[in-house]
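J.: For reference, the file input.txt (compact mmCIF, C-alpha atoms) is included below:
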```txt
# COMPACT_ATOMS: atom_id res chain seq x y z
CA MET G 25 -236.27 41.41 -145.37
CA SER G 26 -238.66 38.50 -145.13
CA GLY G 27 -237.13 37.55 -141.76
CA MET G 28 -237.85 41.03 -140.39
CA SER G 29 -241.38 40.88 -141.73
CA ASN G 30 -242.05 37.54 -140.05
CA ASN G 31 -240.78 38.82 -136.70
CA SER G 32 -242.71 42.08 -136.74
CA PRO G 33 -246.20 40.86 -135.80
CA PRO G 34 -245.12 38.97 -132.64
CA ILE G 35 -243.02 41.96 -131.46
CA SER G 36 -245.89 44.31 -132.19
CA ARG G 37 -248.29 42.12 -130.24
CA GLN G 38 -245.86 41.95 -127.33
CA ILE G 39 -245.58 45.75 -127.26
CA ARG G 40 -249.37 46.13 -127.38
CA ARG G 41 -249.77 43.53 -124.63
CA TRP G 42 -247.13 45.25 -122.48
CA ARG G 43 -248.77 48.63 -123.03
CA LYS G 44 -252.20 47.22 -122.18
CA ASN G 45 -250.89 45.61 -118.97
CA LEU G 46 -249.16 48.85 -117.97
CA LEU G 47 -252.35 50.87 -118.51
CA LEU G 48 -254.37 48.33 -116.54
CA PHE G 49 -251.84 48.47 -113.69
CA LEU G 50 -251.95 52.27 -113.65
CA SER G 51 -255.76 52.21 -113.56
CA ILE G 52 -255.83 49.70 -110.69
CA MET G 53 -252.85 51.22 -108.83
CA GLY G 54 -253.71 53.09 -105.66
CA PRO G 55 -254.83 51.15 -102.56
CA GLY G 56 -251.50 49.40 -101.95
CA ILE G 57 -249.19 52.34 -102.55
CA ILE G 58 -251.44 54.83 -100.71
CA THR G 59 -251.85 52.59 -97.65
CA ALA G 60 -248.17 51.75 -97.47
CA SER G 61 -247.08 55.38 -97.96
CA ALA G 62 -249.52 56.67 -95.32
CA ASP G 63 -247.89 54.22 -92.93
CA ASN G 64 -244.78 56.43 -93.03
CA ASP G 65 -246.66 59.07 -91.02
CA ALA G 66 -245.42 61.60 -88.45
CA GLY G 67 -245.02 58.89 -85.80
CA GLY G 68 -243.34 56.57 -88.29
CA ILE G 69 -240.87 59.21 -89.44
CA ALA G 70 -240.10 60.07 -85.81
CA THR G 71 -239.53 56.39 -85.03
CA TYR G 72 -237.22 55.82 -88.02
CA ALA G 73 -235.35 59.05 -87.28
CA THR G 74 -234.89 57.95 -83.65
CA ALA G 75 -233.63 54.55 -84.82
CA GLY G 76 -231.05 56.18 -87.09
CA ALA G 77 -229.98 58.82 -84.56
CA SER G 78 -229.70 56.34 -81.68
CA TYR G 79 -228.28 53.21 -83.34
CA GLY G 80 -226.96 54.25 -86.74
CA TYR G 81 -227.49 51.55 -89.36
CA GLU G 82 -228.03 48.68 -86.89
CA LEU G 83 -231.79 48.30 -87.51
CA LEU G 84 -231.63 48.22 -91.32
CA TRP G 85 -231.52 44.41 -91.36
CA MET G 86 -234.83 44.22 -89.50
CA LEU G 87 -236.39 46.72 -91.89
CA PHE G 88 -235.33 44.46 -94.78
CA LEU G 89 -237.16 41.50 -93.23
CA MET G 90 -240.23 43.57 -92.38
CA THR G 91 -240.70 44.35 -96.08
CA PHE G 92 -241.70 40.72 -96.69
CA SER G 93 -244.06 40.63 -93.69
CA LEU G 94 -245.73 43.88 -94.74
CA GLY G 95 -246.17 42.64 -98.30
CA VAL G 96 -247.74 39.36 -97.16
CA VAL G 97 -250.13 40.98 -94.66
CA GLN G 98 -251.30 43.67 -97.10
CA GLU G 99 -251.74 41.17 -99.93
CA MET G 100 -254.01 39.06 -97.71
CA ASN G 101 -256.34 42.04 -97.17
CA ALA G 102 -256.41 42.99 -100.83
CA ARG G 103 -257.17 39.39 -101.81
CA MET G 104 -260.02 39.13 -99.30
CA GLY G 105 -261.48 42.38 -100.65
CA ALA G 106 -261.31 41.20 -104.27
CA VAL G 107 -262.72 37.72 -103.53
CA THR G 108 -265.53 38.64 -101.12
CA GLY G 109 -266.32 42.23 -102.16
CA LYS G 110 -266.48 43.10 -98.43
CA GLY G 111 -264.35 45.06 -95.99
CA LEU G 112 -262.43 43.48 -93.12
CA SER G 113 -264.73 44.73 -90.35
CA ASP G 114 -267.75 43.48 -92.31
CA LEU G 115 -266.22 39.99 -92.48
CA ILE G 116 -265.26 40.06 -88.79
CA ARG G 117 -268.87 40.83 -87.85
CA GLU G 118 -270.23 38.05 -90.07
CA GLN G 119 -267.77 35.42 -88.90
CA PHE G 120 -267.10 36.33 -85.24
CA GLY G 121 -270.21 38.14 -84.00
CA VAL G 122 -271.24 41.61 -82.91
CA LYS G 123 -269.57 41.62 -79.46
CA MET G 124 -266.09 40.93 -80.79
CA THR G 125 -266.66 43.47 -83.56
CA LEU G 126 -267.82 46.14 -81.08
CA LEU G 127 -264.71 45.65 -78.94
CA ALA G 128 -262.38 45.78 -81.95
CA MET G 129 -264.05 48.92 -83.34
CA PHE G 130 -263.94 50.74 -80.00
CA VAL G 131 -260.22 50.11 -79.56
CA LEU G 132 -259.59 50.99 -83.22
CA LEU G 133 -261.49 54.27 -82.79
CA ILE G 134 -259.37 55.24 -79.76
CA ALA G 135 -256.10 54.23 -81.43
CA ASN G 136 -256.89 55.96 -84.73
CA THR G 137 -258.03 59.17 -83.05
CA ALA G 138 -254.84 59.31 -80.97
CA THR G 139 -252.75 58.66 -84.09
CA THR G 140 -254.65 61.38 -86.01
CA ILE G 141 -253.71 63.83 -83.25
CA ALA G 142 -250.09 62.88 -83.88
CA GLU G 143 -250.55 63.58 -87.62
CA PHE G 144 -251.73 67.12 -86.92
CA ALA G 145 -248.77 67.48 -84.57
CA GLY G 146 -246.59 66.59 -87.56
CA ILE G 147 -248.29 69.26 -89.68
CA ALA G 148 -247.76 71.85 -86.93
CA ALA G 149 -244.11 70.87 -86.39
CA SER G 150 -243.21 70.91 -90.09
CA MET G 151 -244.78 74.30 -90.68
CA GLU G 152 -243.13 75.81 -87.59
CA ILE G 153 -239.77 75.08 -89.22
CA PHE G 154 -240.84 77.48 -91.98
CA GLY G 155 -242.10 80.04 -89.42
CA VAL G 156 -245.84 79.29 -89.73
CA SER G 157 -247.79 79.16 -86.44
CA LYS G 158 -249.78 76.03 -85.64
CA TYR G 159 -252.85 78.26 -85.13
CA ILE G 160 -252.72 78.91 -88.89
CA SER G 161 -251.35 75.67 -90.33
CA VAL G 162 -253.52 73.20 -88.40
CA PRO G 163 -256.98 74.77 -89.08
CA VAL G 164 -256.11 75.29 -92.78
CA ALA G 165 -254.82 71.71 -93.12
CA ALA G 166 -257.92 70.34 -91.35
CA ALA G 167 -260.23 72.27 -93.70
CA VAL G 168 -258.35 71.00 -96.78
CA ILE G 169 -258.38 67.40 -95.52
CA TRP G 170 -262.10 67.54 -94.70
CA SER G 171 -263.18 69.10 -98.01
CA LEU G 172 -261.03 66.69 -100.04
CA VAL G 173 -263.11 63.66 -99.02
CA VAL G 174 -266.50 65.24 -98.31
CA LYS G 175 -266.56 67.22 -101.58
CA GLY G 176 -264.62 64.78 -103.78
CA SER G 177 -265.02 61.47 -105.57
CA TYR G 178 -262.97 58.33 -105.02
CA LYS G 179 -260.98 58.99 -108.21
CA LYS G 180 -260.19 62.59 -107.21
CA VAL G 181 -259.22 61.62 -103.65
CA GLU G 182 -257.00 58.81 -104.90
CA GLN G 183 -255.23 61.13 -107.34
CA VAL G 184 -254.46 63.58 -104.50
CA PHE G 185 -253.23 60.71 -102.32
CA LEU G 186 -250.93 59.44 -105.06
CA GLY G 187 -249.62 62.99 -105.53
CA LEU G 188 -248.81 63.25 -101.82
CA CYS G 189 -246.97 59.91 -102.03
CA LEU G 190 -244.48 61.57 -104.40
CA ILE G 191 -243.39 63.97 -101.62
CA PHE G 192 -241.63 61.07 -99.91
CA ILE G 193 -238.91 61.31 -102.56
CA THR G 194 -237.54 64.19 -100.43
CA TYR G 195 -236.20 61.63 -97.96
CA VAL G 196 -234.36 59.79 -100.71
CA ILE G 197 -232.74 63.06 -101.80
CA SER G 198 -231.84 63.86 -98.15
CA GLY G 199 -230.24 60.43 -97.85
CA PHE G 200 -227.92 61.13 -100.80
CA LEU G 201 -227.17 64.72 -99.72
CA VAL G 202 -225.52 63.54 -96.48
CA HIS G 203 -223.04 61.28 -98.38
CA PRO G 204 -223.41 58.14 -96.21
CA PRO G 205 -220.94 55.20 -96.21
CA TRP G 206 -222.74 52.87 -98.65
CA GLY G 207 -220.38 49.94 -98.00
CA GLU G 208 -221.14 49.99 -94.27
CA ILE G 209 -224.85 50.40 -94.98
CA ALA G 210 -224.88 47.34 -97.27
CA ARG G 211 -223.04 45.27 -94.66
CA GLN G 212 -225.42 46.13 -91.81
CA THR G 213 -228.52 45.72 -94.00
CA PHE G 214 -227.73 42.03 -94.44
CA THR G 215 -226.06 41.36 -91.05
CA PRO G 216 -228.53 40.80 -88.16
CA SER G 217 -227.59 42.28 -84.77
CA PHE G 218 -229.46 42.69 -81.49
CA ARG G 219 -229.01 44.32 -78.08
CA PHE G 220 -230.69 43.25 -74.88
CA GLU G 221 -231.20 46.81 -73.71
CA SER G 222 -234.45 48.46 -72.71
CA HIS G 223 -234.20 51.48 -75.04
CA TYR G 224 -233.02 49.38 -78.00
CA LEU G 225 -235.95 47.00 -77.49
CA LEU G 226 -238.43 49.88 -77.41
CA VAL G 227 -237.02 51.34 -80.64
CA PHE G 228 -236.97 47.87 -82.21
CA ILE G 229 -240.63 47.26 -81.33
CA GLY G 230 -241.57 50.78 -82.36
CA THR G 231 -240.00 50.26 -85.79
CA ILE G 232 -242.01 47.08 -86.32
CA GLY G 233 -245.18 48.62 -84.88
CA THR G 234 -245.01 51.64 -87.16
CA THR G 235 -244.41 49.46 -90.24
CA ILE G 236 -247.48 47.22 -89.81
CA THR G 237 -250.47 48.86 -88.08
CA PRO G 238 -254.11 47.81 -87.47
CA TRP G 239 -255.72 50.66 -89.43
CA MET G 240 -253.81 49.66 -92.59
CA GLN G 241 -255.58 46.30 -92.75
CA PHE G 242 -259.04 47.88 -92.63
CA PHE G 243 -258.20 50.70 -95.03
CA ILE G 244 -256.60 48.72 -97.84
CA GLN G 245 -259.41 46.13 -97.94
CA SER G 246 -262.07 48.85 -97.92
CA SER G 247 -260.19 50.71 -100.67
CA VAL G 248 -260.08 47.61 -102.86
CA VAL G 249 -263.83 47.12 -102.37
CA ASP G 250 -264.63 50.83 -102.88
CA LYS G 251 -262.60 50.87 -106.09
CA GLY G 252 -264.50 47.85 -107.39
CA VAL G 253 -261.49 45.58 -107.90
CA THR G 254 -262.50 42.03 -108.87
CA LEU G 255 -260.58 38.79 -109.31
CA LYS G 256 -260.30 39.54 -113.02
CA ASP G 257 -258.05 42.54 -112.28
CA TYR G 258 -256.57 41.26 -109.03
CA LYS G 259 -253.09 40.50 -110.36
CA TYR G 260 -252.60 44.24 -110.91
CA THR G 261 -253.80 45.08 -107.41
CA ARG G 262 -251.45 42.42 -106.04
CA ALA G 263 -248.56 44.10 -107.88
CA ASP G 264 -249.69 47.45 -106.46
CA VAL G 265 -249.72 46.07 -102.91
CA LEU G 266 -246.30 44.40 -103.15
CA PHE G 267 -244.80 47.50 -104.77
CA GLY G 268 -246.32 49.60 -101.99
CA ALA G 269 -244.64 47.42 -99.34
CA PHE G 270 -241.31 47.97 -101.08
CA VAL G 271 -241.87 51.74 -101.29
CA THR G 272 -242.66 51.92 -97.55
CA SER G 273 -239.40 50.22 -96.57
CA PHE G 274 -237.45 52.12 -99.24
CA ILE G 275 -238.48 55.49 -97.77
CA ALA G 276 -237.92 54.27 -94.20
CA PHE G 277 -234.47 53.06 -95.26
CA PHE G 278 -233.46 56.55 -96.39
CA ILE G 279 -234.87 58.22 -93.27
CA ILE G 280 -232.68 55.95 -91.14
CA VAL G 281 -229.69 56.50 -93.44
CA ALA G 282 -230.07 60.32 -93.38
CA THR G 283 -230.28 60.52 -89.59
CA ALA G 284 -227.63 57.84 -88.97
CA ALA G 285 -225.06 59.53 -91.22
CA THR G 286 -225.58 62.90 -89.52
CA LEU G 287 -227.20 62.80 -86.07
CA HIS G 288 -225.79 59.45 -84.91
CA LYS G 289 -222.35 60.37 -86.22
CA ALA G 290 -222.46 63.67 -84.30
CA GLY G 291 -223.88 62.01 -81.15
CA ILE G 292 -227.12 64.01 -81.28
CA GLN G 293 -230.23 62.44 -79.71
CA ILE G 294 -233.75 63.48 -80.72
CA THR G 295 -237.16 63.26 -79.09
CA THR G 296 -239.35 64.50 -81.98
CA VAL G 297 -239.13 64.52 -85.76
CA LYS G 298 -238.87 68.32 -85.64
CA ASP G 299 -235.63 67.90 -83.71
CA ALA G 300 -234.30 65.76 -86.57
CA ALA G 301 -235.16 68.33 -89.24
CA VAL G 302 -233.65 71.22 -87.25
CA ALA G 303 -230.52 69.23 -86.34
CA LEU G 304 -229.86 68.39 -90.00
CA ASN G 305 -229.37 72.09 -90.84
CA PRO G 306 -225.84 72.62 -89.41
CA LEU G 307 -224.79 69.04 -90.24
CA ALA G 308 -226.05 68.56 -93.80
CA GLY G 309 -227.16 72.02 -94.89
CA LYS G 310 -230.43 73.95 -95.05
CA MET G 311 -231.61 72.02 -98.14
CA ALA G 312 -231.52 68.65 -96.31
CA SER G 313 -233.31 70.21 -93.32
CA TYR G 314 -236.05 71.74 -95.49
CA LEU G 315 -236.50 68.54 -97.51
CA PHE G 316 -236.95 66.61 -94.25
CA ALA G 317 -239.58 69.13 -93.11
CA ILE G 318 -241.41 69.02 -96.47
CA GLY G 319 -241.48 65.22 -96.28
CA LEU G 320 -242.94 65.44 -92.76
CA PHE G 321 -245.67 67.82 -93.95
CA GLY G 322 -246.64 65.62 -96.90
CA ALA G 323 -246.61 62.47 -94.77
CA SER G 324 -248.76 64.10 -92.08
CA MET G 325 -251.27 65.42 -94.62
CA LEU G 326 -251.59 62.00 -96.27
CA ALA G 327 -251.95 60.08 -93.02
CA GLY G 328 -254.12 62.83 -91.52
CA THR G 329 -256.63 62.09 -94.29
CA VAL G 330 -256.24 58.31 -94.41
CA LEU G 331 -256.58 57.68 -90.65
CA PRO G 332 -260.02 59.33 -90.24
CA LEU G 333 -261.10 57.74 -93.53
CA SER G 334 -259.98 54.30 -92.34
CA THR G 335 -261.87 54.81 -89.08
CA ALA G 336 -265.09 55.76 -90.86
CA TYR G 337 -264.78 52.86 -93.30
CA ALA G 338 -264.17 50.26 -90.59
CA ILE G 339 -266.94 51.32 -88.20
CA CYS G 340 -269.61 51.77 -90.89
CA GLU G 341 -268.79 48.42 -92.49
CA ALA G 342 -268.77 46.70 -89.09
CA PHE G 343 -272.36 47.70 -88.40
CA GLY G 344 -273.79 47.58 -91.91
CA MET G 345 -274.00 51.33 -92.53
CA GLU G 346 -273.44 53.00 -95.90
CA SER G 347 -269.86 54.08 -96.58
CA GLY G 348 -267.70 55.28 -99.47
CA VAL G 349 -265.91 58.39 -100.68
CA SER G 350 -267.96 58.49 -103.89
CA LYS G 351 -271.28 58.64 -101.99
CA ARG G 352 -273.03 61.90 -101.14
CA PHE G 353 -273.27 63.15 -97.54
CA GLU G 354 -276.97 62.35 -97.31
CA GLU G 355 -276.35 58.81 -98.63
CA ALA G 356 -273.75 57.95 -95.97
CA PRO G 357 -274.22 60.45 -93.11
CA VAL G 358 -272.60 58.33 -90.37
CA PHE G 359 -269.55 57.70 -92.57
CA PHE G 360 -268.97 61.41 -93.20
CA TRP G 361 -269.80 62.49 -89.64
CA LEU G 362 -267.30 59.98 -88.24
CA TYR G 363 -264.69 61.25 -90.67
CA THR G 364 -265.44 64.84 -89.62
CA ALA G 365 -265.38 64.06 -85.88
CA VAL G 366 -261.95 62.40 -85.96
CA ILE G 367 -260.49 65.37 -87.88
CA VAL G 368 -262.03 67.94 -85.51
CA ILE G 369 -260.76 66.10 -82.42
CA GLY G 370 -257.30 65.57 -83.95
CA ALA G 371 -256.84 69.17 -85.03
CA GLY G 372 -258.57 70.65 -81.98
CA PHE G 373 -256.31 68.82 -79.54
CA ILE G 374 -253.18 70.31 -81.15
CA LEU G 375 -254.58 73.83 -80.77
CA ILE G 376 -254.72 73.50 -76.97
CA PRO G 377 -251.93 75.78 -75.63
CA LYS G 378 -248.82 74.02 -74.26
CA VAL G 379 -250.27 70.56 -74.91
CA SER G 380 -247.84 67.65 -74.46
CA LEU G 381 -248.05 65.07 -77.24
CA ILE G 382 -245.75 62.50 -75.64
CA LEU G 383 -248.46 60.74 -73.63
CA VAL G 384 -250.84 60.66 -76.61
CA MET G 385 -248.20 59.07 -78.85
CA LEU G 386 -247.25 56.49 -76.22
CA ILE G 387 -250.88 55.48 -75.64
CA SER G 388 -251.43 55.29 -79.40
CA GLN G 389 -248.38 53.06 -79.83
CA ASP G 390 -249.39 50.73 -77.00
CA VAL G 391 -253.00 50.40 -78.17
CA ASN G 392 -251.92 49.75 -81.76
CA GLY G 393 -249.39 47.19 -80.57
CA ILE G 394 -251.98 45.34 -78.48
CA LEU G 395 -254.64 45.41 -81.21
CA LEU G 396 -252.51 44.37 -84.18
CA PRO G 397 -251.89 40.69 -83.24
CA VAL G 398 -255.64 40.28 -82.61
CA ILE G 399 -256.45 41.72 -86.05
CA LEU G 400 -253.82 39.50 -87.68
CA ILE G 401 -255.34 36.39 -86.09
CA PHE G 402 -258.80 37.43 -87.33
CA MET G 403 -257.33 37.90 -90.80
CA LEU G 404 -255.57 34.52 -90.80
CA LYS G 405 -258.74 32.72 -89.79
CA LEU G 406 -260.70 34.52 -92.51
CA ILE G 407 -258.13 34.07 -95.28
CA ASN G 408 -257.90 30.32 -94.58
CA ASN G 409 -261.68 29.81 -94.53
CA LYS G 410 -262.37 27.77 -97.68
CA LYS G 411 -266.12 28.51 -97.55
CA LEU G 412 -265.29 32.21 -97.68
CA MET G 413 -262.22 32.25 -99.95
CA GLY G 414 -262.65 29.11 -102.08
CA SER G 415 -259.38 28.34 -103.86
CA TYR G 416 -257.88 31.69 -102.83
CA THR G 417 -256.84 30.69 -99.31
CA ASN G 418 -253.25 31.18 -98.12
CA GLY G 419 -250.49 28.84 -99.23
CA PRO G 420 -247.91 27.38 -96.79
CA ILE G 421 -245.33 30.14 -97.34
CA PHE G 422 -247.79 33.00 -96.75
CA ASN G 423 -249.22 31.26 -93.67
CA THR G 424 -245.74 30.73 -92.24
CA ILE G 425 -244.76 34.38 -92.71
CA ALA G 426 -248.13 35.74 -91.47
CA TRP G 427 -248.34 33.48 -88.40
CA GLY G 428 -244.67 34.15 -87.65
CA THR G 429 -245.34 37.88 -87.79
CA ALA G 430 -248.40 37.57 -85.51
CA ILE G 431 -246.55 35.45 -82.93
CA ALA G 432 -243.50 37.72 -83.00
CA LEU G 433 -245.74 40.76 -82.46
CA ILE G 434 -247.50 39.11 -79.52
CA VAL G 435 -244.14 38.40 -77.87
CA LEU G 436 -242.80 41.87 -78.64
CA THR G 437 -246.01 43.53 -77.42
CA ALA G 438 -245.69 41.68 -74.12
CA LEU G 439 -242.09 42.88 -73.86
CA LEU G 440 -243.19 46.41 -74.72
CA LEU G 441 -245.75 46.42 -71.90
CA ILE G 442 -243.22 44.96 -69.46
CA THR G 443 -240.55 47.53 -70.34
CA SER G 444 -243.12 50.34 -70.24
CA ILE G 445 -243.91 49.40 -66.65
CA ASN G 446 -240.27 48.77 -65.72
CA PRO G 447 -237.94 50.47 -68.27
CA GLY G 448 -234.80 49.29 -66.46
CA LEU G 449 -235.73 45.61 -66.47
CA LEU G 450 -233.56 44.70 -69.46
CA ALA G 451 -230.93 47.39 -69.03
```
Hey, can you dump this file as structure tokens for me?
T.:
Amino acid sequence: MSGMSNNSPPISRQIRRWRKNLLLFLSIMGPGIITASADNDAGGIATYATAGASYGYELLWMLFLMTFSLGVVQEMNARMGAVTGKGLSDLIREQFGVKMTLLAMFVLLIANTATTIAEFAGIAASMEIFGVSKYISVPVAAAVIWSLVVKGSYKKVEQVFLGLCLIFITYVISGFLVHPPWGEIARQTFTPSFRFESHYLLVFIGTIGTTITPWMQFFIQSSVVDKGVTLKDYKYTRADVLFGAFVTSFIAFFIIVATAATLHKAGIQITTVKDAAVALNPLAGKMASYLFAIGLFGASMLAGTVLPLSTAYAICEAFGMESGVSKRFEEAPVFFWLYTAVIVIGAGFILIPKVSLILVMLISQDVNGILLPVILIFMLKLINNKKLMGSYTNGPIFNTIAWGTAIALIVLTALLLITSINPGLLA
């Protein structure tokens, strides 16, 4: 009995410590998971679905590697936010000047607005599967998205975002419903392969480009600052960011698996994510088709809120204007007007009769691809600035992964532009 009595206090302390750490993590959790989940937006789901339908499980190995790159890049932003208490665009202006900041913000505004249009296209497409016209679904969704941020607090908005993140579980369920060959999936996940074909290269680049995007870097750092995360609590934010990177790839993995096991196996090609959801019906049943559509709606709603929010954050921080979800409209008018404008343009464009979204999505992809390496280089210079970061600069491993990602993206972006001009060049 005495032995049990002697062991009780340490065990009790360990339980209390574990419980305290869990509660602290749950209170800090948000920026990493929300940013990473919003990355799996309408364009991302369409890209992953195309990868699975066109090439089966061949691109799963690359997705595995991208998880590490995404985690490293997002952690850098979160660390800069916690150390400096400033957003990325704010730091770019201070360290690189107004002209470079103006150029970056202009391109970011164009890219984010085009991507927001694609998010409302995702809302329209998902609701059409359930028989709801875009002239009803898009205005209602836009009103909900606008009121959420303009009328809410940071805590309320974050809770809604985290709730929307849970919708992505529908893709995991869809992946199991189609009964894929798990042995073959495991083999291709850890066996690199590559094709020197134009279409394969475009899908390959698109998969990377939709996993790590420019807006993510601005949004996660601004979220960390807006939430008031400091170095004291940073280890929990770091866990949140790394877990978010895993969740992003985990969901993408099941989107590829679901479409590879059904559409690729049946030889069905798709051009939009709506095609994927509709095509799943006769192959995997109505439940899988509806789950895919529900996931698309949730993803589009989440990203349709985050993209305008990221735009408003970045531009206001860049030019020293008040910003923040918890502020009132009169305290940060430019922030809220920017947020409103991007939503109105995004939703309004989709309501134009017979509008073609292909060109918008291509321009958005190209602009994001061109901008991302530039943003990554800015980030690497900032994170390795000892005057700015003190002892929290990058270590050798993080620098190797981050610089490798930036260089690879520059090369792939060049190839993307070349193949966009001459699609048959590598065929």
J.: Using all atoms listed in the file, find the one residue out of G:Val168, G:Met86, G:Ala342, G:Ala371 that sits nearest to Ala142 in chain G.
T.: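 Of the candidates, the smallest distance to Ala142 in chain G is held by G:Ala371.
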J.: So which one's closest to Ala276 in chain G, G:Ile367, G:Ala323, G:Val358, G:Val174? Using all atoms listed in the file, please.
T.: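 Going through G:Ile367, G:Ala323, G:Val358, G:Val174 one by one, the smallest distance to Ala276 in chain G is for G:Ala323.
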J.: Determine the nearest neighbour of Phe144 in chain G from the options G:Tyr159, G:Phe278, G:Phe243, G:Phe92, counting all atoms listed in the file.
T.: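 Residue with the minimum atom-to-atom distance to Phe144 in chain G: G:Tyr159.
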J.: Could you give me, as a VMD selection string, the residues within 8 Å of range 209-213 of chain G, counting only C-alpha atoms and dropping anything in the same chain fewer than 6 positions from it?
T.: chain G and resid 81 to 86 88 281
J.: Report as a count of residues only all protein, DNA and RNA residues lying within 7 Å of range 110-112 of chain G, evaluated on all atoms listed in the file, omitting residues in the same chain fewer than 5 positions from it.
T.: 6
J.: So which one's closest to Leu362 in chain G, G:Asn418, G:Thr335, G:Ser161, G:Thr283? Using all atoms listed in the file, please.
T.: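 Under the stated criterion, the closest residue is G:Thr335.
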J.: Need the shell around Lys405 in chain G: protein/DNA/RNA residues with any atom at most 12 Å away, counting all atoms listed in the file. Skip same-chain ones fewer than 4 positions apart. Format as a ChimeraX atom specification?
T.: /G:100,104,112,115-116,119-120,398-401,409-413,417-418,423,426-427
J.: Please produce a file of those selected residues containing C-alpha atoms, as an mmCIF file, keeping the file's coordinate frame.
T.:
```
data_model
loop_
_atom_site.group_PDB
_atom_site.id
_atom_site.type_symbol
_atom_site.label_atom_id
_atom_site.label_comp_id
_atom_site.auth_asym_id
_atom_site.auth_seq_id
_atom_site.Cartn_x
_atom_site.Cartn_y
_atom_site.Cartn_z
ATOM 1 C CA MET G 100 -254.010 39.060 -97.710
ATOM 2 C CA MET G 104 -260.020 39.130 -99.300
ATOM 3 C CA LEU G 112 -262.430 43.480 -93.120
ATOM 4 C CA LEU G 115 -266.220 39.990 -92.480
ATOM 5 C CA ILE G 116 -265.260 40.060 -88.790
ATOM 6 C CA GLN G 119 -267.770 35.420 -88.900
ATOM 7 C CA PHE G 120 -267.100 36.330 -85.240
ATOM 8 C CA VAL G 398 -255.640 40.280 -82.610
ATOM 9 C CA ILE G 399 -256.450 41.720 -86.050
ATOM 10 C CA LEU G 400 -253.820 39.500 -87.680
ATOM 11 C CA ILE G 401 -255.340 36.390 -86.090
ATOM 12 C CA ASN G 409 -261.680 29.810 -94.530
ATOM 13 C CA LYS G 410 -262.370 27.770 -97.680
ATOM 14 C CA LYS G 411 -266.120 28.510 -97.550
ATOM 15 C CA LEU G 412 -265.290 32.210 -97.680
ATOM 16 C CA MET G 413 -262.220 32.250 -99.950
ATOM 17 C CA THR G 417 -256.840 30.690 -99.310
ATOM 18 C CA ASN G 418 -253.250 31.180 -98.120
ATOM 19 C CA ASN G 423 -249.220 31.260 -93.670
ATOM 20 C CA ALA G 426 -248.130 35.740 -91.470
ATOM 21 C CA TRP G 427 -248.340 33.480 -88.400
#
```
J.: Give me, as a PyMOL selection string, all polymer residues having an atom no more than 9 Å from Pro204 in chain G, counting all atoms listed in the file and skipping those fewer than 5 positions away in the same chain.
T.: chain G and resi 199+209+281-282+284-286
J.: Would you compute the distance between CA of Gly109 in chain G and CA of Gln241 in chain G? Give it in Å to one decimal.
T.: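 We find that CA of Gly109 in chain G and CA of Gln241 in chain G lie 14.8 Å from each other.
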J.: Hey, can you check how far CA of Gly146 in chain G sits from CA of Leu320 in chain G?
T.: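 For CA of Gly146 in chain G relative to CA of Leu320 in chain G, the distance reads 6.5 Å.
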